[in-house]
Amino acid sequence: GTKMSNFVPGDAGTYSKLWAIGIEMGQLTPEIVEEYKHKGLLVWCYCPDNEAQVRHGLACGATLMTCNDPVPAMEILKQQA
């Protein structure tokens, strides 16, 4: 919540109003994903634009990726299908 504008802590605060949260790649870790999943949120990430970043996002458990260059993500997902 440290980067959110007008963040309100507590049970009736900001997190209670969200259903998903986007985490920038530089902040994305498996622990952060689990923390937000525990709060009942879907965890998305931005912007994995190369193969290593896409693999990191998937390994952390992100359920959606916003990419400037979608080709690496599409290629990896095709391989996994």
# chains A, B, ... in the order shown; residues from 1 in each chain; ligands from 1
$ residues_around --residues "segment 56-68 of chain A" --least-positions-apart "6" --cutoff "6 Å" --atoms "only C-alpha atoms" --output "list in words"
Thr29, Pro30, Val43, Trp44, Cys45, Tyr46, Cys47, Pro48 and Asp49 of chain A
$ write_last_selection --atoms "C-alpha atoms" --output "short mmCIF file (atom, residue, chain, number, x, y, z; two decimals), in the first residue's frame"
data_model
loop_
_atom_site.label_atom_id
_atom_site.label_comp_id
_atom_site.auth_asym_id
_atom_site.auth_seq_id
_atom_site.Cartn_x
_atom_site.Cartn_y
_atom_site.Cartn_z
CA THR A 29 7.99 -11.56 -5.12
CA PRO A 30 6.21 -14.81 -4.25
CA VAL A 43 -2.47 -10.34 -8.09
CA TRP A 44 -1.46 -8.90 -11.43
CA CYS A 45 1.92 -7.61 -12.55
CA TYR A 46 3.27 -4.97 -14.91
CA CYS A 47 5.29 -4.80 -17.23
CA PRO A 48 7.07 -8.11 -17.91
CA ASP A 49 8.51 -7.41 -21.35
#
$ closest_residue --among "A:Glu31, A:Thr14, A:Pro72, A:Lys39" --to "Glu51 of chain A" --atoms "only C-alpha atoms"
A:Pro72
$ select_by_dssp --residues "chain A" --states "strand (DSSP E or B)" --output "PyMOL selection string"
chain A and resi 20-24+42-46+64-66
$ residues_around --residues "segment 16-18 of chain A" --least-positions-apart "6" --cutoff "10 Å" --atoms "only C-alpha atoms" --output "ChimeraX atom specification"
/A:8-10,39-42
$ write_last_selection --atoms "N, CA, C and O atoms" --output "tab-separated table (two decimals), in the first residue's frame"
chain	number	residue	atom	x	y	z
A	8	VAL	N	-5.96	3.92	2.67
A	8	VAL	CA	-6.59	3.89	3.98
A	8	VAL	C	-6.38	2.50	4.57
A	8	VAL	O	-6.85	1.52	4.02
A	9	PRO	N	-5.65	2.39	5.70
A	9	PRO	CA	-5.43	1.08	6.32
A	9	PRO	C	-6.68	0.57	7.05
A	9	PRO	O	-7.65	1.30	7.22
A	10	GLY	N	-6.62	-0.67	7.47
A	10	GLY	CA	-7.69	-1.24	8.29
A	10	GLY	C	-8.66	-2.10	7.52
A	10	GLY	O	-8.66	-2.15	6.29
A	39	LYS	N	-5.30	-11.68	1.39
A	39	LYS	CA	-6.28	-10.62	1.58
A	39	LYS	C	-7.48	-10.81	0.64
A	39	LYS	O	-8.40	-9.99	0.63
A	40	GLY	N	-7.45	-11.86	-0.20
A	40	GLY	CA	-8.54	-12.14	-1.10
A	40	GLY	C	-8.45	-11.42	-2.44
A	40	GLY	O	-9.44	-11.32	-3.16
A	41	LEU	N	-7.27	-10.93	-2.79
A	41	LEU	CA	-7.10	-10.17	-4.03
A	41	LEU	C	-6.43	-11.00	-5.11
A	41	LEU	O	-5.58	-11.84	-4.82
A	42	LEU	N	-6.83	-10.77	-6.36
A	42	LEU	CA	-6.09	-11.29	-7.49
A	42	LEU	C	-4.83	-10.44	-7.62
A	42	LEU	O	-4.88	-9.23	-7.42
$ atom_distance --atom1 "atom CA of Gly13 of chain A" --atom2 "atom CA of Leu28 of chain A"
22.5 Å
$ select_by_dssp --residues "chain A" --states "helix (DSSP H, G or I)" --output "PyMOL selection string"
chain A and resi 14-17+25-27+30-38+51-60+71-80
$ atom_distance --atom1 "atom CA of Ile76 of chain A" --atom2 "atom CA of His38 of chain A"
27.3 Å
$ residues_around --residues "Leu77 of chain A" --least-positions-apart "3" --cutoff "10 Å" --atoms "only C-alpha atoms" --output "PyMOL selection string"
chain A and resi 54-55+58+71-74+80-81
$ atom_distance --atom1 "atom CA of Lys3 of chain A" --atom2 "atom CA of Ala52 of chain A"
24.6 Å
